[in-house]
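Raw query_15.cif, mmCIF, C-alpha atoms and all ligand atoms:
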```
data_run
loop_
_atom_site.label_atom_id
_atom_site.label_comp_id
_atom_site.auth_asym_id
_atom_site.auth_seq_id
_atom_site.Cartn_x
_atom_site.Cartn_y
_atom_site.Cartn_z
CA MET F 1 -92.93 -78.30 -23.25
CA GLY F 2 -96.18 -79.88 -24.37
CA ALA F 3 -98.10 -76.64 -24.59
CA ALA F 4 -101.28 -78.04 -26.10
CA ARG F 5 -104.50 -78.46 -24.21
CA ILE F 6 -105.42 -82.15 -24.21
CA ILE F 7 -108.97 -82.70 -25.41
CA ASP F 8 -110.50 -85.31 -23.09
CA GLY F 9 -112.65 -87.42 -25.40
CA LYS F 10 -113.54 -89.81 -22.60
CA ALA F 11 -115.03 -87.08 -20.44
CA ILE F 12 -116.79 -85.39 -23.35
CA ALA F 13 -118.22 -88.72 -24.55
CA ALA F 14 -119.44 -89.45 -21.02
CA ALA F 15 -121.21 -86.07 -20.98
CA VAL F 16 -122.87 -86.81 -24.35
CA ARG F 17 -123.98 -90.21 -23.05
CA ARG F 18 -125.48 -88.62 -19.93
CA GLU F 19 -127.40 -86.16 -22.12
CA VAL F 20 -128.65 -89.02 -24.29
CA ALA F 21 -129.76 -90.98 -21.22
CA ALA F 22 -131.64 -87.92 -19.95
CA GLY F 23 -133.24 -87.46 -23.38
CA ALA F 24 -134.27 -91.11 -23.52
CA ALA F 25 -135.81 -90.87 -20.04
CA ALA F 26 -137.75 -87.76 -21.09
CA LEU F 27 -139.04 -89.50 -24.22
CA GLN F 28 -140.17 -92.40 -22.05
CA ARG F 29 -141.99 -90.06 -19.65
CA GLU F 30 -143.59 -87.88 -22.29
CA ARG F 31 -144.45 -90.36 -25.03
CA GLY F 32 -143.98 -93.78 -23.44
CA LEU F 33 -141.30 -94.42 -26.08
CA THR F 34 -138.09 -96.36 -25.47
CA PRO F 35 -135.51 -95.70 -28.22
CA GLY F 36 -134.38 -98.99 -29.75
CA LEU F 37 -131.16 -99.77 -31.60
CA ALA F 38 -130.71 -102.94 -33.66
CA VAL F 39 -127.14 -103.96 -34.39
CA VAL F 40 -126.52 -106.63 -37.01
CA LEU F 41 -123.24 -108.53 -37.23
CA VAL F 42 -122.48 -111.00 -40.00
CA GLY F 43 -119.51 -113.29 -39.43
CA GLU F 44 -116.95 -113.71 -36.69
CA ASN F 45 -114.55 -110.79 -37.18
CA PRO F 46 -113.13 -110.41 -33.62
CA ALA F 47 -112.80 -106.61 -33.82
CA SER F 48 -116.40 -106.34 -35.03
CA GLN F 49 -117.56 -108.59 -32.19
CA VAL F 50 -115.92 -106.27 -29.67
CA TYR F 51 -117.51 -103.18 -31.30
CA VAL F 52 -120.95 -104.76 -31.36
CA ARG F 53 -120.75 -105.82 -27.71
CA SER F 54 -119.69 -102.38 -26.57
CA LYS F 55 -122.39 -100.69 -28.66
CA ALA F 56 -125.05 -102.95 -27.13
CA LYS F 57 -123.79 -102.32 -23.59
CA ALA F 58 -123.71 -98.55 -24.10
CA THR F 59 -127.22 -98.66 -25.56
CA ARG F 60 -128.58 -100.42 -22.47
CA GLU F 61 -126.67 -98.06 -20.16
CA ALA F 62 -128.43 -95.13 -21.84
CA GLY F 63 -131.79 -96.69 -20.96
CA MET F 64 -132.47 -97.73 -24.53
CA LEU F 65 -133.48 -101.07 -26.03
CA SER F 66 -130.64 -103.05 -27.64
CA ILE F 67 -131.48 -105.71 -30.20
CA GLU F 68 -128.56 -107.78 -31.42
CA HIS F 69 -128.54 -110.06 -34.43
CA THR F 70 -125.47 -112.22 -34.96
CA LEU F 71 -125.56 -114.12 -38.24
CA PRO F 72 -123.10 -116.71 -39.56
CA ALA F 73 -120.50 -115.58 -42.12
CA GLU F 74 -122.17 -117.61 -44.88
CA THR F 75 -125.57 -115.92 -44.47
CA PRO F 76 -126.99 -115.27 -47.95
CA GLU F 77 -127.42 -111.62 -48.92
CA ALA F 78 -131.18 -112.15 -49.41
CA GLU F 79 -131.51 -113.31 -45.81
CA LEU F 80 -129.75 -110.21 -44.50
CA LEU F 81 -131.97 -108.00 -46.68
CA ALA F 82 -135.06 -109.77 -45.31
CA LEU F 83 -133.87 -109.11 -41.74
CA ILE F 84 -133.38 -105.42 -42.55
CA ALA F 85 -136.87 -105.23 -44.08
CA ASP F 86 -138.22 -106.69 -40.84
CA LEU F 87 -136.27 -104.20 -38.69
CA ASN F 88 -137.49 -101.37 -40.94
CA ARG F 89 -141.09 -102.35 -40.14
CA ARG F 90 -140.65 -102.82 -36.38
CA GLY F 91 -142.10 -100.00 -34.29
CA ASP F 92 -139.71 -100.63 -31.38
CA VAL F 93 -136.60 -100.25 -33.56
CA HIS F 94 -135.57 -96.63 -34.25
CA GLY F 95 -131.98 -97.22 -35.31
CA ILE F 96 -130.42 -99.95 -37.46
CA LEU F 97 -126.70 -100.49 -37.73
CA VAL F 98 -125.08 -103.15 -39.87
CA GLN F 99 -121.53 -103.66 -38.68
CA LEU F 100 -118.98 -103.30 -41.48
CA PRO F 101 -117.04 -104.87 -43.09
CA LEU F 102 -119.47 -107.47 -44.45
CA PRO F 103 -118.34 -110.80 -45.93
CA LYS F 104 -117.29 -110.54 -49.59
CA HIS F 105 -120.35 -112.28 -51.06
CA ILE F 106 -122.60 -109.53 -49.68
CA ASP F 107 -122.93 -106.19 -51.48
CA ALA F 108 -122.49 -103.65 -48.67
CA GLY F 109 -123.92 -100.82 -50.80
CA LYS F 110 -127.11 -102.75 -51.42
CA VAL F 111 -127.45 -103.52 -47.71
CA ILE F 112 -126.95 -99.90 -46.68
CA GLU F 113 -129.53 -98.75 -49.24
CA ALA F 114 -132.03 -101.27 -47.85
CA ILE F 115 -132.05 -99.51 -44.45
CA ASP F 116 -134.87 -97.02 -43.92
CA PRO F 117 -133.03 -93.63 -44.05
CA ALA F 118 -134.99 -92.55 -40.95
CA LYS F 119 -133.38 -95.46 -39.05
CA ASP F 120 -129.92 -95.16 -40.63
CA VAL F 121 -128.03 -94.17 -37.46
CA ASP F 122 -124.66 -94.70 -39.16
CA GLY F 123 -125.59 -92.00 -41.67
CA PHE F 124 -124.29 -94.04 -44.62
CA HIS F 125 -127.50 -94.26 -46.67
CA PRO F 126 -127.27 -92.15 -49.86
CA VAL F 127 -130.32 -90.16 -48.72
CA ASN F 128 -128.53 -89.09 -45.53
CA VAL F 129 -125.26 -88.49 -47.42
CA GLY F 130 -127.20 -86.24 -49.81
CA ARG F 131 -129.06 -84.45 -47.04
CA LEU F 132 -125.79 -83.74 -45.22
CA ALA F 133 -124.20 -82.46 -48.44
CA SER F 134 -127.17 -80.19 -49.17
CA GLY F 135 -127.26 -78.81 -45.63
CA ALA F 136 -130.60 -80.44 -44.76
CA LYS F 137 -131.35 -82.20 -41.47
CA ALA F 138 -129.63 -85.57 -41.68
CA LEU F 139 -128.42 -88.48 -39.60
CA ALA F 140 -124.69 -87.76 -39.93
CA PRO F 141 -121.94 -90.39 -39.53
CA CYS F 142 -120.94 -90.93 -35.91
CA THR F 143 -117.14 -90.53 -35.99
CA PRO F 144 -117.02 -87.15 -37.77
CA THR F 145 -119.94 -85.93 -35.64
CA GLY F 146 -117.83 -86.81 -32.61
CA CYS F 147 -114.81 -85.00 -34.07
CA LEU F 148 -116.91 -81.87 -34.54
CA ILE F 149 -118.09 -81.97 -30.92
CA LEU F 150 -114.45 -82.29 -29.79
CA ALA F 151 -113.33 -79.35 -31.96
CA LYS F 152 -116.21 -77.23 -30.65
CA SER F 153 -115.26 -78.08 -27.07
CA VAL F 154 -112.13 -76.02 -27.72
CA ARG F 155 -113.70 -73.29 -29.79
CA ALA F 156 -117.48 -72.97 -30.05
CA GLU F 157 -117.36 -70.86 -33.21
CA LEU F 158 -115.43 -72.44 -36.08
CA ALA F 159 -116.63 -70.11 -38.85
CA GLY F 160 -113.84 -68.79 -41.05
CA LEU F 161 -111.19 -71.23 -39.85
CA GLU F 162 -108.97 -73.03 -42.34
CA ALA F 163 -109.82 -76.71 -41.81
CA VAL F 164 -107.69 -79.47 -43.30
CA VAL F 165 -109.17 -82.97 -43.38
CA ILE F 166 -106.66 -85.69 -44.25
CA GLY F 167 -108.46 -88.71 -45.74
CA ARG F 168 -111.47 -88.90 -48.03
CA SER F 169 -113.27 -92.05 -46.90
CA ASN F 170 -117.05 -92.17 -46.94
CA ILE F 171 -117.02 -93.04 -43.24
CA VAL F 172 -114.81 -90.24 -41.92
CA GLY F 173 -113.08 -87.84 -44.33
CA LYS F 174 -115.90 -86.85 -46.68
CA PRO F 175 -118.65 -86.42 -44.08
CA MET F 176 -116.14 -84.57 -41.86
CA ALA F 177 -115.55 -82.10 -44.69
CA GLN F 178 -119.32 -81.62 -45.11
CA LEU F 179 -119.82 -81.01 -41.40
CA LEU F 180 -117.00 -78.44 -41.31
CA LEU F 181 -118.38 -76.72 -44.39
CA GLY F 182 -121.67 -76.59 -42.50
CA GLU F 183 -119.77 -74.72 -39.76
CA SER F 184 -118.51 -72.24 -42.38
CA CYS F 185 -114.90 -73.39 -42.29
CA THR F 186 -112.74 -73.10 -45.40
CA VAL F 187 -112.24 -76.80 -45.98
CA THR F 188 -109.40 -78.60 -47.74
CA VAL F 189 -109.62 -82.37 -48.17
CA ALA F 190 -106.19 -83.98 -48.53
CA HIS F 191 -105.67 -87.61 -49.54
CA SER F 192 -103.13 -90.12 -50.82
CA ARG F 193 -102.58 -88.19 -54.06
CA THR F 194 -102.20 -84.74 -52.44
CA ARG F 195 -98.98 -82.94 -53.35
CA ASP F 196 -96.99 -81.35 -50.52
CA LEU F 197 -99.14 -82.71 -47.69
CA PRO F 198 -97.00 -80.99 -45.00
CA GLY F 199 -97.56 -77.64 -46.73
CA VAL F 200 -101.30 -78.22 -46.95
CA VAL F 201 -101.57 -79.30 -43.30
CA ARG F 202 -99.57 -76.24 -42.21
CA ARG F 203 -102.43 -74.02 -43.42
CA GLY F 204 -104.88 -75.64 -41.02
CA ASP F 205 -106.24 -73.85 -37.97
CA LEU F 206 -108.07 -77.13 -37.52
CA VAL F 207 -106.61 -80.45 -38.68
CA VAL F 208 -108.53 -83.73 -38.73
CA ALA F 209 -106.35 -86.75 -39.52
CA ALA F 210 -108.22 -89.87 -40.72
CA VAL F 211 -105.66 -91.85 -42.67
CA GLY F 212 -104.76 -95.06 -40.85
CA ARG F 213 -100.98 -94.51 -40.95
CA PRO F 214 -99.21 -94.49 -37.58
CA GLU F 215 -97.84 -91.07 -36.60
CA MET F 216 -97.69 -89.88 -40.21
CA VAL F 217 -98.50 -86.26 -39.38
CA ARG F 218 -95.39 -84.70 -37.85
CA GLY F 219 -95.20 -81.90 -35.34
CA SER F 220 -93.40 -79.70 -37.88
CA TRP F 221 -96.53 -79.85 -40.12
CA ILE F 222 -98.76 -78.29 -37.48
CA LYS F 223 -99.52 -74.58 -37.47
CA PRO F 224 -98.78 -73.15 -34.00
CA GLY F 225 -101.98 -73.02 -31.97
CA ALA F 226 -103.98 -75.31 -34.28
CA ILE F 227 -106.70 -77.68 -33.07
CA VAL F 228 -105.66 -81.24 -33.94
CA ILE F 229 -108.21 -84.06 -34.03
CA ASP F 230 -106.65 -87.49 -34.53
CA VAL F 231 -109.07 -90.16 -35.79
CA GLY F 232 -106.42 -92.79 -36.49
CA ILE F 233 -106.31 -95.99 -34.49
CA ASN F 234 -103.16 -97.94 -35.32
CA ARG F 235 -101.69 -100.87 -33.41
CA VAL F 236 -97.90 -100.82 -33.43
CA PRO F 237 -95.21 -102.90 -31.69
CA ALA F 238 -94.24 -101.56 -28.26
CA ALA F 239 -90.84 -101.66 -26.55
CA ASP F 240 -91.94 -104.42 -24.15
CA GLY F 241 -92.74 -106.80 -27.02
CA LYS F 242 -96.46 -106.11 -26.74
CA THR F 243 -98.42 -103.65 -28.88
CA ARG F 244 -99.79 -100.18 -28.27
CA LEU F 245 -102.24 -97.87 -29.99
CA VAL F 246 -101.11 -94.72 -31.75
CA GLY F 247 -102.94 -92.22 -33.90
CA ASP F 248 -102.17 -90.78 -37.32
CA VAL F 249 -100.45 -87.84 -35.63
CA ALA F 250 -97.03 -87.96 -33.92
CA TYR F 251 -98.63 -86.94 -30.65
CA ALA F 252 -95.63 -85.84 -28.56
CA GLU F 253 -94.27 -83.64 -31.37
CA ALA F 254 -97.64 -82.17 -32.32
CA ALA F 255 -98.55 -81.43 -28.70
CA GLU F 256 -95.52 -79.09 -28.57
CA VAL F 257 -97.00 -76.92 -31.30
CA ALA F 258 -100.78 -77.36 -31.31
CA GLY F 259 -103.21 -75.30 -29.27
CA ALA F 260 -105.29 -78.38 -28.48
CA ILE F 261 -105.00 -82.03 -29.43
CA THR F 262 -106.86 -85.31 -28.96
CA PRO F 263 -104.90 -88.25 -27.52
CA VAL F 264 -105.07 -91.82 -28.85
CA PRO F 265 -106.63 -93.66 -27.12
CA GLY F 266 -109.11 -91.48 -25.24
CA GLY F 267 -109.83 -88.90 -27.93
CA VAL F 268 -112.10 -89.57 -30.89
CA GLY F 269 -112.59 -93.28 -30.09
CA PRO F 270 -115.10 -92.89 -27.22
CA MET F 271 -117.06 -90.27 -29.18
CA THR F 272 -118.17 -92.66 -31.93
CA ILE F 273 -120.44 -94.76 -29.70
CA ALA F 274 -121.69 -91.67 -27.86
CA CYS F 275 -122.76 -90.17 -31.20
CA LEU F 276 -124.36 -93.44 -32.26
CA LEU F 277 -126.55 -93.26 -29.15
CA LYS F 278 -127.30 -89.62 -29.92
CA ASN F 279 -128.36 -90.51 -33.46
CA THR F 280 -130.60 -93.29 -32.11
CA LEU F 281 -132.26 -90.87 -29.71
CA ASP F 282 -132.71 -88.30 -32.51
CA ALA F 283 -134.21 -90.98 -34.78
CA ALA F 284 -136.67 -91.99 -32.04
CA LYS F 285 -137.59 -88.36 -31.35
CA ALA F 286 -138.19 -87.72 -35.06
CA LYS F 287 -140.68 -90.58 -35.22
CA PRO F 288 -144.12 -89.05 -35.83
P1 LIG F 301 -109.73 -95.46 -45.16
O1 LIG F 301 -108.62 -96.43 -45.34
O2 LIG F 301 -111.06 -95.77 -45.71
O3 LIG F 301 -109.30 -94.05 -45.75
C1 LIG F 301 -108.01 -93.54 -45.54
C2 LIG F 301 -107.85 -92.27 -46.32
O4 LIG F 301 -106.53 -91.79 -46.12
C3 LIG F 301 -108.04 -92.42 -47.82
O5 LIG F 301 -109.00 -91.50 -48.26
C4 LIG F 301 -106.67 -92.11 -48.43
O6 LIG F 301 -106.76 -91.29 -49.58
C5 LIG F 301 -105.98 -91.35 -47.33
N1 LIG F 301 -104.54 -91.61 -47.34
C6 LIG F 301 -103.92 -92.81 -47.40
N2 LIG F 301 -102.59 -92.64 -47.43
C7 LIG F 301 -102.36 -91.32 -47.39
C8 LIG F 301 -101.19 -90.54 -47.41
N3 LIG F 301 -99.98 -91.08 -47.45
N4 LIG F 301 -101.33 -89.20 -47.35
C9 LIG F 301 -102.56 -88.64 -47.29
N5 LIG F 301 -103.70 -89.34 -47.26
C10 LIG F 301 -103.61 -90.66 -47.32
O7 LIG F 301 -109.79 -95.20 -43.59
P2 LIG F 301 -110.96 -94.62 -42.63
O8 LIG F 301 -112.03 -95.64 -42.49
O9 LIG F 301 -111.33 -93.25 -43.03
O10 LIG F 301 -110.16 -94.60 -41.25
C11 LIG F 301 -108.99 -93.82 -41.07
C12 LIG F 301 -108.41 -94.09 -39.69
O11 LIG F 301 -109.35 -93.75 -38.71
C13 LIG F 301 -108.04 -95.55 -39.43
O12 LIG F 301 -106.90 -95.57 -38.58
C14 LIG F 301 -109.23 -96.08 -38.66
O13 LIG F 301 -108.88 -97.14 -37.80
C15 LIG F 301 -109.61 -94.86 -37.87
N6 LIG F 301 -111.04 -94.81 -37.51
C16 LIG F 301 -111.32 -94.51 -36.21
C17 LIG F 301 -112.65 -94.41 -35.80
C18 LIG F 301 -112.93 -94.07 -34.38
O14 LIG F 301 -113.96 -94.37 -33.86
N7 LIG F 301 -112.04 -93.37 -33.70
C19 LIG F 301 -113.68 -94.63 -36.69
C20 LIG F 301 -113.36 -94.89 -38.04
C21 LIG F 301 -112.04 -94.97 -38.42
#
```
Any chance you could give the structure as structure tokens?
Amino acid sequence: MGAARIIDGKAIAAAVRREVAAGAAALQRERGLTPGLAVVLVGENPASQVYVRSKAKATREAGMLSIEHTLPAETPEAELLALIADLNRRGDVHGILVQLPLPKHIDAGKVIEAIDPAKDVDGFHPVNVGRLASGAKALAPCTPTGCLILAKSVRAELAGLEAVVIGRSNIVGKPMAQLLLGESCTVTVAHSRTRDLPGVVRRGDLVVAAVGRPEMVRGSWIKPGAIVIDVGINRVPAADGKTRLVGDVAYAEAAEVAGAITPVPGGVGPMTIACLLKNTLDAAKAKP
């Protein structure tokens, strides 16, 4: 049957990016300010290289300044911290993103804490984590912000819904829970030690899966009519000997039961960069 409405993350991300471009143009007109995003990559991780290139391209397409720093894998921590201090001081840089993961000899926590919280467009600095948790204005992490926009595209008012977030990472699960609490959902955070995960998921009017396990969430776990947001990006072998991407949700099964569902690819994925651009614009706007 496939009753669920398919949430078109590509189209929604494109709309966010158009809004950001319009906002950047207005800032240019009104204050002569071009929002600038600095992206720092340490090492040669191929996936990270792809992410950094697409972030830089999207930044330029939104009419913003993209500054890219690619450092060798053996860069000493002190050198990276000195670069961040420099980017913190620069007036033309409004957002700073250090691509994770970092090489093992670098303390990622220390690096994140070195970023000026006003320029922390990833929303990982403890000041922004704390602001989000206390309901203050914060730069919130990009992926869960994107998930919230997708959920609200189905239903503008989420207050009172039972929301189940699967995964408790600092990048997705925890900030997702905070954002949904901010929307007055009743939030359950499930994780690897949760008992009876299917039973917990079945309570959800809204389910966000951020686990990293291919098609773990079965259709029979989904409450009829629920909104399902699938953050997972998993590469699995395909029938033709190549590979394909699947989410954390068994899409075909879940689409039979859900009210609305994000596909993988083309769901949450495109939203992350769109929200990064949005955070950069917001950071530039907030500059006194
Ligand atoms: P992570 O590995 O940091 O966290 C995974 C979480 O899942 C953990 O909190 C763990 O407790 C939980 N978990 C593990 N096994 C479980 C189980 N059997 N039952 C219930 N919970 C379990 O991962 P992450 O960084 O949060 O990413 C999760 C997924 O989202 C990955 O597939 C990743 O590739 C994807 N991701 C996508 C985007 C995007 O832009 N779309 C961004 C970030 C992450």
Quiz item: Of the residues F:Ala133, F:Leu65, F:Ala38, F:Leu100, which is the one nearest to Asp86 of chain F, using all atoms listed in the file?
Solution: F:Ala38
Self-check item: Exercise answer, 6 Å around ligand LIG 301 (chain F) with only C-alpha atoms and all ligand atoms, as a PyMOL selection string
Solution: chain F and resi 143+166-169+171-173+191-192+210-212+231-234+268-269+272
Quiz item: Smallest atom-to-atom distance to Asp282 of chain F: which of F:Leu27, F:Val257, F:Ala177, F:Val201, using all atoms listed in the file?
Solution: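 Closest residue, counting all atoms listed in the file: F:Leu27.
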Quiz item: In Å, how far is it from atom CA of Val165 of chain F to atom CA of Ala11 of chain F?
Solution: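 Result for atom CA of Val165 of chain F versus atom CA of Ala11 of chain F: 24.0 Å, one decimal.
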Self-check item: Proximity to Ser220 of chain F - best of F:Tyr251, F:Val246, F:Ile67, F:Val236, all atoms listed in the file
Solution: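 For Ser220 of chain F, the nearest of the candidates is F:Tyr251.
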Quiz item: Could you state the separation of atom CA of Leu41 of chain F and atom CA of Pro144 of chain F in Å, given to one decimal place?
Solution: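 So the answer is 22.3 Å.
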Quiz item: Separation of atom CA of Gln99 of chain F and atom CA of Ala21 of chain F, in Å?
Solution: 23.1 Å
Self-check item: Nearest-residue call for Asp230 of chain F, choices F:Val249, F:Leu158, F:Ile12, F:Ala118, using all atoms listed in the file
Solution: F:Val249
Practice problem: Step by step: start from the point (-135.3, -97.5, -32.3) in the file's coordinates, keep every protein, DNA or RNA residue that has an atom no farther than 7 Å from it, count only C-alpha atoms, and write the set as a list of chain:residue names. | Solution: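 Every residue inside that radius is included here: F:Pro35, F:Gly36, F:Leu37, F:Asp92, F:Val93, F:His94, F:Gly95, F:Thr280, F:Ala284.
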Self-check item: Nearest-residue call for Glu44 of chain F, choices F:Leu206, F:Ala73, F:Val154, F:Ala3, using all atoms listed in the file
Solution: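 Counting all atoms listed in the file, the residue closest to Glu44 of chain F is F:Ala73.
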Practice problem: Mind checking which residues fall within 8 Å of Thr70 of chain F, counting only C-alpha atoms, ignoring those fewer than 3 positions away in the same chain, and posting them as an MDAnalysis selection string? | Solution: chainID F and resid 40:43
Quiz prompt | Contact residues around segment 178-188 of chain F with all atoms listed in the file at 6 Å, ignoring same-chain residues under 5 positions, as number ranges by chain | solution = F: 133, 159-164
Create the file for the chosen residues now, containing C-alpha atoms and written as a PDB file, in the coordinates of the input.
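Saved to selection09.pdb:
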```
ATOM      1  CA  ALA F 133    -124.200 -82.460 -48.440  1.00  0.00           C
ATOM      2  CA  ALA F 159    -116.630 -70.110 -38.850  1.00  0.00           C
ATOM      3  CA  GLY F 160    -113.840 -68.790 -41.050  1.00  0.00           C
ATOM      4  CA  LEU F 161    -111.190 -71.230 -39.850  1.00  0.00           C
ATOM      5  CA  GLU F 162    -108.970 -73.030 -42.340  1.00  0.00           C
ATOM      6  CA  ALA F 163    -109.820 -76.710 -41.810  1.00  0.00           C
ATOM      7  CA  VAL F 164    -107.690 -79.470 -43.300  1.00  0.00           C
TER       8      VAL F 164
END
```
Quiz item: For Ala62 of chain F, which of F:Val217, F:Val228, F:Ala258, F:Ala15 is the closest residue, counting all atoms listed in the file?
Solution: F:Ala15
Once 8 Å is added on each side, what are the centre and the three edge lengths, in Å to one decimal, of the axis-aligned box enclosing the listed atoms of segment 228-245 of chain F? Present them as AutoDock Vina command-line options.
```
--center_x -100.0 --center_y -94.0 --center_z -30.3 --size_x 34.2 --size_y 41.6 --size_z 28.3
```
Self-check item: Selection as a VMD selection string: residues within 8 Å of (-130.6, -90.9, -46.1), counting all atoms listed in the file
Solution: chain F and resid 116 to 118 120 123 to 131 138 to 139
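When the distance limit is 10 Å and only C-alpha atoms are what count, the residues near Ala254 of chain F, minus those fewer than 4 positions from it on the same chain, are Gly2, Ala3, Ala4, Glu215, Val217, Arg218, Gly219, Ser220, Trp221, Ile222, Lys223, Pro224, Ala226, Val228, Val249, Ala250, Ala258, Gly259, Ala260 and Ile261 of chain F.
For Cys142 of chain F, the residues within 7 Å (counting all atoms listed in the file, excluding itself and residues fewer than 3 positions away along the chain) are Asp122, Thr145, Gly146, Thr272, Cys275 and Leu276 of chain F.
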